[in-house]
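A.B. asks: Sharing coords.txt (compact mmCIF, C-alpha atoms) below.
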# COMPACT_ATOMS: atom_id res chain seq x y z
CA MET A 324 83.60 76.81 -37.55
CA THR A 325 85.35 76.68 -34.21
CA ARG A 326 89.05 76.00 -34.06
CA LYS A 327 88.36 72.88 -32.00
CA ASN A 328 85.96 71.44 -34.57
CA ASP A 329 88.33 72.34 -37.37
CA GLU A 330 91.12 70.43 -35.64
CA LYS A 331 88.87 67.43 -35.08
CA ARG A 332 87.84 67.41 -38.74
CA LYS A 333 91.47 67.60 -39.84
CA PHE A 334 92.30 64.70 -37.54
CA TYR A 335 89.48 62.59 -38.91
CA MET A 336 90.21 63.40 -42.53
CA ALA A 337 93.89 62.59 -42.02
CA LYS A 338 92.88 59.26 -40.54
CA LYS A 339 90.59 58.61 -43.49
CA GLY A 340 93.04 59.89 -46.08
CA GLN A 341 91.95 57.33 -48.63
CA ARG A 342 88.53 58.95 -48.85
CA THR A 343 88.04 60.80 -52.13
CA LYS A 344 87.47 64.53 -51.68
CA LYS A 345 84.36 66.00 -53.20
CA LYS A 346 84.63 68.30 -56.18
CA THR A 347 84.69 71.96 -55.21
CA ASN A 348 81.77 72.75 -57.52
CA SER A 349 79.52 70.08 -56.04
CA LYS A 350 76.37 71.33 -54.40
CA LYS A 351 76.47 71.33 -50.62
CA THR A 352 73.87 69.10 -49.04
CA ASN A 353 72.69 69.02 -45.47
CA TYR A 354 74.29 65.87 -44.02
CA SER A 355 71.43 64.98 -41.71
CA ASN A 356 68.83 65.27 -44.48
CA ARG A 357 70.99 63.29 -46.85
CA LEU A 358 71.16 60.42 -44.37
CA GLU A 359 67.39 60.28 -44.20
CA ASN A 360 67.17 59.94 -47.97
CA GLU A 361 69.79 57.22 -48.35
CA ASN A 362 69.18 53.50 -47.86
CA LEU A 363 71.61 53.57 -44.93
CA GLY A 364 69.29 55.96 -43.20
CA ASN A 365 66.20 53.85 -43.73
CA GLU A 366 64.65 53.19 -40.33
CA LYS A 367 63.69 49.65 -41.37
CA ASN A 368 67.37 48.81 -41.58
CA TYR A 369 67.80 49.82 -37.95
CA ASN A 370 64.88 48.17 -36.28
CA VAL A 371 67.32 46.42 -33.99
CA VAL A 372 64.75 44.74 -31.78
CA LYS A 373 63.21 42.84 -34.69
CA SER A 374 66.48 41.88 -36.29
CA VAL A 375 68.46 40.54 -33.32
CA PRO A 376 68.68 36.75 -33.06
CA ASP A 377 67.21 34.70 -30.21
CA ILE A 378 69.09 35.39 -26.99
CA LYS A 379 69.49 31.68 -26.17
CA LEU A 380 70.97 30.96 -29.60
CA VAL A 381 73.46 33.79 -29.18
CA GLU A 382 74.43 32.51 -25.73
CA LYS A 383 74.99 29.03 -27.13
CA ASP A 384 77.11 30.44 -29.93
CA ILE A 385 79.28 32.60 -27.64
CA LEU A 386 79.96 29.67 -25.32
CA GLN A 387 81.58 27.86 -28.23
CA TYR A 388 84.28 30.52 -28.05
CA ILE A 389 84.43 31.50 -24.37
CA VAL A 390 85.29 28.86 -21.75
CA GLY A 391 85.00 29.03 -17.95
CA GLN A 392 82.70 32.07 -17.94
CA ASP A 393 79.23 30.62 -18.47
CA THR A 394 77.50 32.83 -15.88
CA GLN A 395 79.47 35.91 -16.94
CA VAL A 396 78.65 35.38 -20.62
CA LYS A 397 74.96 35.19 -19.73
CA GLN A 398 75.26 38.41 -17.69
CA ILE A 399 76.98 40.27 -20.53
CA ILE A 400 74.48 39.06 -23.13
CA THR A 401 71.58 40.01 -20.86
CA ALA A 402 72.99 43.52 -20.40
CA ILE A 403 73.33 44.00 -24.17
CA TYR A 404 69.87 42.63 -24.95
CA ARG A 405 68.39 44.73 -22.16
CA ALA A 406 69.81 47.83 -23.83
CA ILE A 407 68.37 46.79 -27.19
CA HIS A 408 64.88 45.86 -25.96
CA PHE A 409 64.46 48.29 -23.06
CA LYS A 410 65.44 51.61 -24.60
CA SER A 411 64.69 53.62 -21.48
CA ILE A 412 67.41 51.77 -19.54
CA LYS A 413 70.95 52.94 -20.32
CA ALA A 414 73.58 50.23 -20.65
CA ASN A 415 76.84 51.18 -18.94
CA VAL A 416 78.57 47.94 -18.02
CA LEU A 417 81.76 47.37 -16.05
CA ILE A 418 83.53 44.02 -16.51
CA ILE A 419 86.24 43.26 -13.95
CA GLY A 420 88.78 40.55 -14.63
CA ASN A 421 92.44 39.76 -15.09
CA SER A 422 94.11 39.69 -18.49
CA GLY A 423 93.21 36.64 -20.54
CA THR A 424 89.89 35.87 -18.88
CA GLY A 425 87.86 36.58 -22.04
CA LYS A 426 86.54 40.10 -21.45
CA THR A 427 87.35 41.51 -24.87
CA ALA A 428 86.81 38.22 -26.73
CA THR A 429 83.26 37.95 -25.37
CA ILE A 430 82.36 41.46 -26.55
CA LYS A 431 83.88 40.89 -29.98
CA GLN A 432 81.96 37.66 -30.54
CA LEU A 433 78.73 39.18 -29.25
CA ALA A 434 79.03 42.26 -31.48
CA LYS A 435 79.74 39.99 -34.43
CA SER A 436 76.71 37.79 -33.66
CA LEU A 437 74.43 40.83 -33.41
CA ASN A 438 76.07 42.71 -36.31
CA ILE A 439 76.59 45.76 -34.10
CA PRO A 440 79.44 48.19 -34.87
CA TYR A 441 81.91 48.60 -32.04
CA THR A 442 85.20 50.21 -31.17
CA ILE A 443 87.68 49.11 -28.52
CA GLU A 444 89.56 51.98 -26.92
CA ASP A 445 92.46 52.03 -24.47
CA ALA A 446 91.66 54.42 -21.64
CA THR A 447 95.34 55.12 -21.03
CA LYS A 448 95.71 57.06 -24.29
CA TYR A 449 93.01 59.54 -23.32
CA THR A 450 93.81 62.60 -21.23
CA LYS A 451 92.16 65.58 -19.65
CA GLU A 452 91.32 68.26 -22.19
CA GLY A 453 94.28 70.60 -22.48
CA TYR A 454 96.81 67.82 -21.90
CA TYR A 455 98.73 66.03 -24.61
CA GLY A 456 96.77 62.99 -25.73
CA ALA A 457 93.52 61.90 -27.35
CA ASP A 458 90.17 63.57 -26.68
CA VAL A 459 87.37 61.26 -25.54
CA GLU A 460 85.27 62.36 -28.53
CA GLU A 461 87.71 60.43 -30.69
CA MET A 462 85.87 57.32 -29.48
CA ILE A 463 82.77 58.57 -31.30
CA TYR A 464 84.74 59.16 -34.51
CA ASN A 465 86.23 55.66 -34.34
CA LEU A 466 82.79 54.14 -33.83
CA ILE A 467 81.38 56.06 -36.81
CA ASP A 468 84.34 54.88 -38.84
CA ASN A 469 83.66 51.24 -37.89
CA ALA A 470 80.00 51.75 -38.78
CA ASN A 471 81.06 52.71 -42.31
CA ASN A 472 80.25 56.35 -41.56
CA ASN A 473 76.62 55.51 -40.87
CA ILE A 474 75.52 57.78 -38.03
CA LYS A 475 72.29 55.92 -37.23
CA ARG A 476 74.08 52.59 -37.01
CA ALA A 477 76.88 54.07 -34.90
CA GLN A 478 74.35 55.55 -32.47
CA ASN A 479 73.26 51.99 -31.67
CA GLY A 480 76.82 50.72 -31.42
CA ILE A 481 79.14 49.59 -28.64
CA ILE A 482 82.08 51.52 -27.21
CA VAL A 483 84.46 49.31 -25.22
CA ILE A 484 86.92 51.18 -22.99
CA ASP A 485 89.72 48.97 -21.71
CA GLU A 486 92.16 49.64 -18.84
CA ILE A 487 89.60 51.93 -17.21
CA ASP A 488 91.06 51.09 -13.78
CA LYS A 489 94.27 52.88 -14.78
CA LYS A 490 92.36 56.16 -14.59
CA ALA A 491 91.41 55.74 -10.93
CA GLY A 492 92.49 58.53 -8.61
CA HIS A 493 95.63 56.96 -7.15
CA ALA A 494 98.98 58.67 -6.95
CA GLU A 495 100.63 56.04 -9.14
CA HIS A 496 98.12 56.57 -11.95
CA ASP A 497 97.72 59.37 -14.49
CA VAL A 498 97.28 62.64 -12.56
CA SER A 499 94.48 63.67 -14.91
CA GLY A 500 92.81 60.24 -14.74
CA THR A 501 89.74 61.17 -12.74
CA GLU A 502 89.17 64.15 -15.02
CA VAL A 503 89.14 61.79 -18.00
CA LEU A 504 86.52 59.65 -16.26
CA LYS A 505 84.43 62.75 -15.65
CA SER A 506 84.78 63.78 -19.30
CA LEU A 507 83.36 60.39 -20.27
CA LEU A 508 80.10 61.39 -18.64
CA LYS A 509 79.04 63.19 -21.81
CA ILE A 510 78.95 59.90 -23.72
CA ILE A 511 77.51 57.70 -20.96
CA GLU A 512 74.72 59.99 -19.77
CA GLY A 513 72.64 59.58 -22.92
CA THR A 514 72.97 63.12 -24.25
CA LYS A 515 73.52 64.59 -27.72
CA ILE A 516 77.03 65.58 -28.68
CA LYS A 517 77.91 68.10 -31.36
CA ILE A 518 80.52 66.67 -33.73
CA PRO A 519 81.99 68.07 -36.97
CA ASN A 520 80.56 66.90 -40.28
CA MET A 521 83.39 64.62 -41.40
CA MET A 522 81.54 63.55 -44.56
CA ASP A 523 81.53 67.05 -46.02
CA ILE A 524 84.84 68.86 -45.58
CA PHE A 525 83.33 72.10 -46.89
CA SER A 526 80.45 72.22 -44.44
CA GLU A 527 80.67 74.17 -41.21
CA GLU A 528 77.59 72.56 -39.71
CA ALA A 529 77.87 70.44 -36.57
CA ILE A 530 76.04 67.14 -36.41
CA ASP A 531 74.08 65.88 -33.41
CA PHE A 532 75.29 62.46 -32.29
CA ASP A 533 72.77 60.89 -29.90
CA THR A 534 74.47 58.75 -27.23
CA SER A 535 71.25 57.61 -25.54
CA ASN A 536 71.31 54.21 -27.29
CA LEU A 537 75.06 53.65 -27.09
CA ILE A 538 76.19 50.60 -25.15
CA ILE A 539 79.25 51.53 -23.08
CA ILE A 540 81.38 48.71 -21.68
CA PHE A 541 84.31 49.36 -19.36
CA LEU A 542 87.01 46.74 -18.83
CA GLY A 543 89.71 46.54 -16.18
CA ALA A 544 91.69 44.23 -13.93
CA PHE A 545 91.30 46.49 -10.86
CA ASP A 546 94.27 45.05 -9.03
CA GLY A 547 93.72 45.59 -5.30
CA LEU A 548 89.93 45.86 -5.48
CA GLU A 549 89.61 42.41 -3.90
CA LYS A 550 91.29 43.71 -0.73
CA ILE A 551 88.73 46.50 -0.52
CA ARG A 552 85.92 43.97 -0.81
CA GLN A 553 87.50 41.78 1.85
CA LYS A 554 87.80 44.79 4.14
CA ARG A 555 84.13 45.55 3.61
CA LEU A 556 83.28 41.96 4.46
CA ASN A 557 85.25 42.22 7.72
CA LYS A 558 88.08 40.01 6.61
CA ASN A 559 91.70 40.51 7.58
CA GLN A 560 94.59 40.52 5.12
CA LEU A 561 95.09 36.76 5.42
CA GLY A 562 91.51 36.16 4.36
CA PHE A 563 90.21 34.75 7.67
CA ALA A 564 86.77 35.89 8.71
CA THR A 565 86.58 38.06 11.82
CA SER A 566 82.87 37.47 12.15
CA SER A 567 81.02 34.17 12.26
CA ASN A 568 78.26 35.77 10.20
CA ASP A 569 80.65 36.88 7.45
CA THR A 570 79.96 35.89 3.86
CA SER A 571 82.73 34.58 1.62
CA SER A 572 84.09 37.32 -0.64
CA LYS A 573 83.91 34.89 -3.57
CA LYS A 574 80.12 34.82 -3.19
CA SER A 575 79.76 38.56 -2.70
CA ARG A 576 79.65 40.85 -5.69
CA PHE A 577 81.60 44.06 -5.98
CA LEU A 578 79.64 47.14 -4.94
CA LYS A 579 79.86 50.67 -6.27
CA LYS A 580 81.29 51.88 -2.98
CA ASP A 581 84.20 49.49 -3.49
CA LEU A 582 84.97 51.27 -6.76
CA VAL A 583 84.72 54.67 -5.10
CA GLU A 584 87.15 53.59 -2.40
CA TYR A 585 89.44 52.29 -5.15
CA GLY A 586 89.59 55.83 -6.54
CA MET A 587 86.84 56.06 -9.16
CA PRO A 588 84.83 59.33 -9.06
CA GLU A 589 81.39 58.97 -7.49
CA GLU A 590 79.62 60.68 -10.41
CA PHE A 591 81.24 58.20 -12.79
CA VAL A 592 80.53 55.10 -10.69
CA GLY A 593 76.96 56.25 -10.18
CA ARG A 594 76.27 55.82 -13.88
CA ILE A 595 77.48 52.22 -14.05
CA ASP A 596 74.39 50.03 -13.92
CA THR A 597 75.93 46.55 -14.19
CA ILE A 598 79.12 45.17 -12.63
CA ILE A 599 80.32 41.78 -13.84
CA GLU A 600 83.28 39.88 -12.38
CA MET A 601 85.07 37.36 -14.60
CA ASN A 602 86.36 34.09 -13.16
CA LYS A 603 90.05 33.44 -12.92
CA LEU A 604 90.69 30.61 -15.38
CA SER A 605 91.82 27.28 -13.97
CA LYS A 606 94.06 24.66 -15.54
CA LYS A 607 90.95 22.72 -16.54
CA ASP A 608 89.52 25.84 -18.23
CA LEU A 609 92.71 26.38 -20.23
CA ILE A 610 92.71 22.74 -21.34
CA ASN A 611 89.09 23.07 -22.47
CA ILE A 612 89.95 26.22 -24.40
CA LEU A 613 92.67 24.35 -26.26
CA LYS A 614 90.43 21.34 -26.91
CA ARG A 615 87.08 22.80 -27.82
CA SER A 616 86.99 26.61 -28.10
CA LYS A 617 86.58 27.99 -31.61
CA LEU A 618 89.25 30.49 -30.60
CA SER A 619 91.71 27.73 -29.68
CA PRO A 620 95.08 28.53 -31.30
CA PHE A 621 95.89 24.81 -31.28
CA ARG A 622 92.73 23.91 -33.20
CA LYS A 623 93.49 26.65 -35.72
CA TYR A 624 96.90 25.16 -36.48
CA GLN A 625 95.36 21.70 -36.65
CA ASN A 626 92.75 22.90 -39.15
CA GLU A 627 95.34 24.73 -41.28
CA LEU A 628 97.54 21.64 -41.46
CA SER A 629 94.53 19.49 -42.28
CA GLN A 630 93.68 21.76 -45.21
CA LYS A 631 97.20 21.14 -46.49
CA GLY A 632 96.64 17.39 -46.23
CA ILE A 633 98.68 16.93 -43.05
CA LYS A 634 97.35 14.91 -40.10
CA LEU A 635 98.45 16.10 -36.66
CA GLU A 636 99.32 13.41 -34.10
CA TYR A 637 99.92 14.12 -30.40
CA ASN A 638 99.36 12.83 -26.88
CA MET A 639 96.41 14.47 -25.09
CA GLN A 640 98.77 15.16 -22.18
CA LEU A 641 100.23 17.89 -24.35
CA PHE A 642 97.24 20.09 -23.52
CA GLU A 643 98.00 19.78 -19.81
CA LYS A 644 101.60 20.85 -20.36
CA ILE A 645 100.53 23.88 -22.43
CA ALA A 646 98.00 24.88 -19.76
CA GLU A 647 100.61 24.55 -16.99
CA GLU A 648 103.01 26.73 -18.98
CA SER A 649 100.34 29.44 -19.31
CA LEU A 650 99.32 29.25 -15.65
CA SER A 651 102.92 29.82 -14.55
CA LEU A 652 102.79 33.30 -16.13
CA ASP A 653 99.33 34.15 -14.71
CA THR A 654 98.05 35.71 -17.96
CA GLY A 655 95.08 33.43 -18.45
CA ALA A 656 94.21 32.32 -21.96
CA ARG A 657 96.37 35.05 -23.49
CA GLU A 658 99.58 33.06 -23.00
CA LEU A 659 98.11 30.04 -24.78
CA SER A 660 98.66 31.63 -28.19
CA ASN A 661 102.27 32.46 -27.39
CA THR A 662 103.01 28.89 -26.30
CA VAL A 663 101.18 27.30 -29.24
CA ASN A 664 102.87 29.63 -31.74
CA TYR A 665 106.23 28.55 -30.32
CA ILE A 666 105.29 24.88 -30.73
CA PHE A 667 104.38 25.24 -34.41
CA GLU A 668 107.05 27.77 -35.41
CA ASN A 669 109.46 25.30 -37.05
CA ILE A 670 106.64 23.11 -38.32
CA VAL A 671 105.14 26.04 -40.23
CA TYR A 672 108.50 26.80 -41.80
CA GLU A 673 109.02 23.22 -42.98
CA VAL A 674 105.49 22.89 -44.35
CA ILE A 675 105.75 26.14 -46.31
CA ALA A 676 109.27 25.40 -47.53
CA ASN A 677 108.27 21.91 -48.70
CA PRO A 678 104.71 22.08 -50.04
CA ARG A 679 102.86 18.80 -50.58
CA LYS A 680 105.80 16.81 -49.17
CA TYR A 681 104.34 15.73 -45.81
CA ARG A 682 101.22 13.82 -44.77
CA THR A 683 101.73 13.49 -41.01
CA CYS A 684 103.08 15.72 -38.23
CA LYS A 685 103.81 14.07 -34.90
CA LEU A 686 104.36 16.21 -31.79
CA ASN A 687 106.60 15.09 -28.92
CA LEU A 688 105.59 16.08 -25.38
CA ASP A 689 108.94 17.85 -25.00
CA ILE A 690 108.04 20.27 -27.77
CA ILE A 691 106.88 22.71 -25.06
CA GLU A 692 110.51 23.24 -24.05
CA ASP A 693 112.15 22.56 -27.43
CA ASN A 694 110.12 23.26 -30.56
CA THR A 695 112.33 21.01 -32.69
CA LYS A 696 110.80 17.94 -31.01
CA PHE A 697 108.49 16.91 -33.85
CA GLU A 698 108.44 14.63 -36.86
CA LEU A 699 107.17 15.38 -40.34
CA PHE A 700 106.75 12.51 -42.75
Let's see the structure in the file written out as structure tokens.

C.D. replies:
Amino acid sequence: MTRKNDEKRKFYMAKKGQRTKKKTNSKKTNYSNRLENENLGNEKNYNVVKSVPDIKLVEKDILQYIVGQDTQVKQIITAIYRAIHFKSIKANVLIIGNSGTGKTATIKQLAKSLNIPYTIEDATKYTKEGYYGADVEEMIYNLIDNANNNIKRAQNGIIVIDEIDKKAGHAEHDVSGTEVLKSLLKIIEGTKIKIPNMMDIFSEEAIDFDTSNLIIIFLGAFDGLEKIRQKRLNKNQLGFATSSNDTSSKKSRFLKKDLVEYGMPEEFVGRIDTIIEMNKLSKKDLINILKRSKLSPFRKYQNELSQKGIKLEYNMQLFEKIAEESLSLDTGARELSNTVNYIFENIVYEVIANPRKYRTCKLNLDIIEDNTKFELF
């Protein structure tokens, strides 16, 4: 057993400390063979193509959660289904968009709909080997963990790597950033990786983890990438076209060479097969999220109060005021929860402190600025 593998096993076992250790006199069993003999290793349970729901039904379901990104949702779903149905085509997807545009929420809902194990990793915590920080192989361990230690299921899972733009080769970013991106190649190229046998702490065998069917999704805001695209489209800094034949940057997709100029290594960018750009959410989008999205924090409070027998009364203009508050901070839908939580903070306290006392909760429009502006009766 190499020292590196021993350290990785210790890390994993520490993380999974609740797992019961095997008795020392138990007979050692080859992990790979054991998987084949267990129900979890039954190939019929992993015939993904036959078990996935209709793509149109999944799209319809996701759009009940994600607002303002209809085209983007279709692109993301298509990329995932392509990976499932067309095994020879690797799925390495880059989703570009500001915070709060629905990047992570879309992936979570999609993975849930398809019953695919996934892990969401923050690229900023990973470093070049030899530096202090997490090793990129930890992503594999986390995915296996989320797949209930089922290797076959994990090999068909999704690894989401957020903040990938922070690893671009700019002076203000992590000096080892580009090296981290290069180290990711071993999980996005579709190769087999040797990992320690975390299920048997007494075994020194290494297990082959096949990454060929992994779906890798990179997320990032890529602040400044728009300027690179505008430059490519012969636009000046003010956004005015310098050529009468120029195409609007809003209608032109990002190209791989834009990412290279941004500071991403060519060998890394070359393995990205799909680039998706999220829309910046408008006031109308934020209002629709509050009104109709299944992820709406407002609707969640309304449902919780309803279950306690309390009817919520408010002016529809309240949604506009909440949306305006969120837009002022430029964090997309993410700020909606913060604002809504503030609105209901005192209401929640009163309802919990006085169970079964109230039947109606009326919100004043000024509750955005002062969360005592409500009536319970």

A.B. asks: Give me, as JSON lines, the closest atom pair and its distance (Å, one decimal) for every residue of range 389-415 of chain A within a cut-off of 12 Å of range 656-664 of chain A, counting all atoms listed in the file, rows sorted by chain and rising number.

C.D. replies:
{"residue": "A:Ile389", "atom": "CA", "partner": "A:Ala656", "partner_atom": "CA", "distance": 10.1}
{"residue": "A:Val390", "atom": "CA", "partner": "A:Ala656", "partner_atom": "CA", "distance": 9.6}
{"residue": "A:Gly391", "atom": "CA", "partner": "A:Ala656", "partner_atom": "CA", "distance": 10.6}

A.B. asks: For Lys685 in chain A, which residue out of A:Glu673, A:Glu698, A:Glu647, A:Glu600 is the nearest one, using all atoms listed in the file?

C.D. replies: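 When distances to Lys685 in chain A are compared using all atoms listed in the file, the smallest one comes from A:Glu698.
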
A.B. asks: I'd like the interatomic distance between CA of Leu641 in chain A and CA of Ile670 in chain A, to a tenth of an Å.

C.D. replies: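 So the answer is 16.2 Å.
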
A.B. asks: Nearest to Glu512 in chain A among A:Glu648, A:Asp693, A:Asp533, A:Asp468, with distances taken over only C-alpha atoms: which residue is it?

C.D. replies: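 Counting only C-alpha atoms, the residue closest to Glu512 in chain A is A:Asp533.
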
A.B. asks: Excluding Ile540 in chain A and its own-chain neighbours fewer than 6 positions away, which residues fall within 9 Å of it when counting only C-alpha atoms? Please give them as a compact mmCIF listing (two decimals) with C-alpha atoms, in the frame of the given file.

C.D. replies:
# COMPACT_ATOMS: atom_id res chain seq x y z
CA ALA A 414 73.58 50.23 -20.65
CA ASN A 415 76.84 51.18 -18.94
CA VAL A 416 78.57 47.94 -18.02
CA LEU A 417 81.76 47.37 -16.05
CA ILE A 418 83.53 44.02 -16.51
CA ILE A 430 82.36 41.46 -26.55
CA ILE A 481 79.14 49.59 -28.64
CA ILE A 482 82.08 51.52 -27.21
CA VAL A 483 84.46 49.31 -25.22
CA ILE A 484 86.92 51.18 -22.99
CA ASP A 485 89.72 48.97 -21.71

A.B. asks: Please report the interatomic distance between CA of Asn694 in chain A and CA of Val671 in chain A in Å with one decimal.

C.D. replies: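 Distance between the two atoms: 11.2 Å.
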
A.B. asks: Calculate how many Å separate CA of Ile399 in chain A from CA of Asp488 in chain A, rounding to one decimal.

C.D. replies: 19.0 Å

A.B. asks: Go through A:Asp458, A:Ile599, A:Asn669, A:Ile645 and flag the residue nearest Thr401 in chain A, using all atoms listed in the file for the distances.

C.D. replies: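 Answer, going by the shortest atom-to-atom distance: A:Ile599.
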
A.B. asks: Kindly indicate which residue among A:Lys517, A:Lys431, A:Arg682, A:Lys489 lies nearest to Lys448 in chain A, using only C-alpha atoms for the distances.

C.D. replies: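 Among the listed residues, A:Lys489 lies closest to Lys448 in chain A.
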
A.B. asks: When you count all atoms listed in the file, which of these residues is closest to Tyr404 in chain A: A:Val674, A:Ala434, A:Leu582, A:Ile511?

C.D. replies: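 Smallest distance to Tyr404 in chain A is found for A:Ala434.
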
A.B. asks: Which residues are close to Ile412 in chain A, i.e. within 12 Å by all atoms listed in the file, leaving aside same-chain residues fewer than 3 positions away? Reply as a PDB file with C-alpha atoms, in the frame of the given file.

C.D. replies:
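To be explicit, this is the file written out as out15.pdb:
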ATOM      1  CA  ALA A 402      72.990  43.520 -20.400  1.00  0.00           C
ATOM      2  CA  ILE A 403      73.330  44.000 -24.170  1.00  0.00           C
ATOM      3  CA  TYR A 404      69.870  42.630 -24.950  1.00  0.00           C
ATOM      4  CA  ARG A 405      68.390  44.730 -22.160  1.00  0.00           C
ATOM      5  CA  ALA A 406      69.810  47.830 -23.830  1.00  0.00           C
ATOM      6  CA  ILE A 407      68.370  46.790 -27.190  1.00  0.00           C
ATOM      7  CA  HIS A 408      64.880  45.860 -25.960  1.00  0.00           C
ATOM      8  CA  PHE A 409      64.460  48.290 -23.060  1.00  0.00           C
ATOM      9  CA  ASN A 415      76.840  51.180 -18.940  1.00  0.00           C
ATOM     10  CA  VAL A 416      78.570  47.940 -18.020  1.00  0.00           C
ATOM     11  CA  ILE A 511      77.510  57.700 -20.960  1.00  0.00           C
ATOM     12  CA  GLU A 512      74.720  59.990 -19.770  1.00  0.00           C
ATOM     13  CA  GLY A 513      72.640  59.580 -22.920  1.00  0.00           C
ATOM     14  CA  SER A 535      71.250  57.610 -25.540  1.00  0.00           C
ATOM     15  CA  ASN A 536      71.310  54.210 -27.290  1.00  0.00           C
ATOM     16  CA  LEU A 537      75.060  53.650 -27.090  1.00  0.00           C
ATOM     17  CA  ILE A 538      76.190  50.600 -25.150  1.00  0.00           C
ATOM     18  CA  ARG A 594      76.270  55.820 -13.880  1.00  0.00           C
ATOM     19  CA  ILE A 595      77.480  52.220 -14.050  1.00  0.00           C
ATOM     20  CA  ASP A 596      74.390  50.030 -13.920  1.00  0.00           C
ATOM     21  CA  THR A 597      75.930  46.550 -14.190  1.00  0.00           C
TER      22      THR A 597
END

A.B. asks: For Ile675 in chain A, which residue among A:Glu627, A:Glu382, A:Asp531, A:Glu643 is the nearest when counting all atoms listed in the file?

C.D. replies: A:Glu627

A.B. asks: Taking all atoms of range 645-658 of chain A that the file lists, what box with edges along x, y and z, padded by 5 Å per side, do you get, with centre and edge lengths in Å to one decimal, as AutoDock Vina command-line options?

C.D. replies:
--center_x 98.6 --center_y 29.8 --center_z -19.0 --size_x 18.8 --size_y 21.8 --size_z 18.9
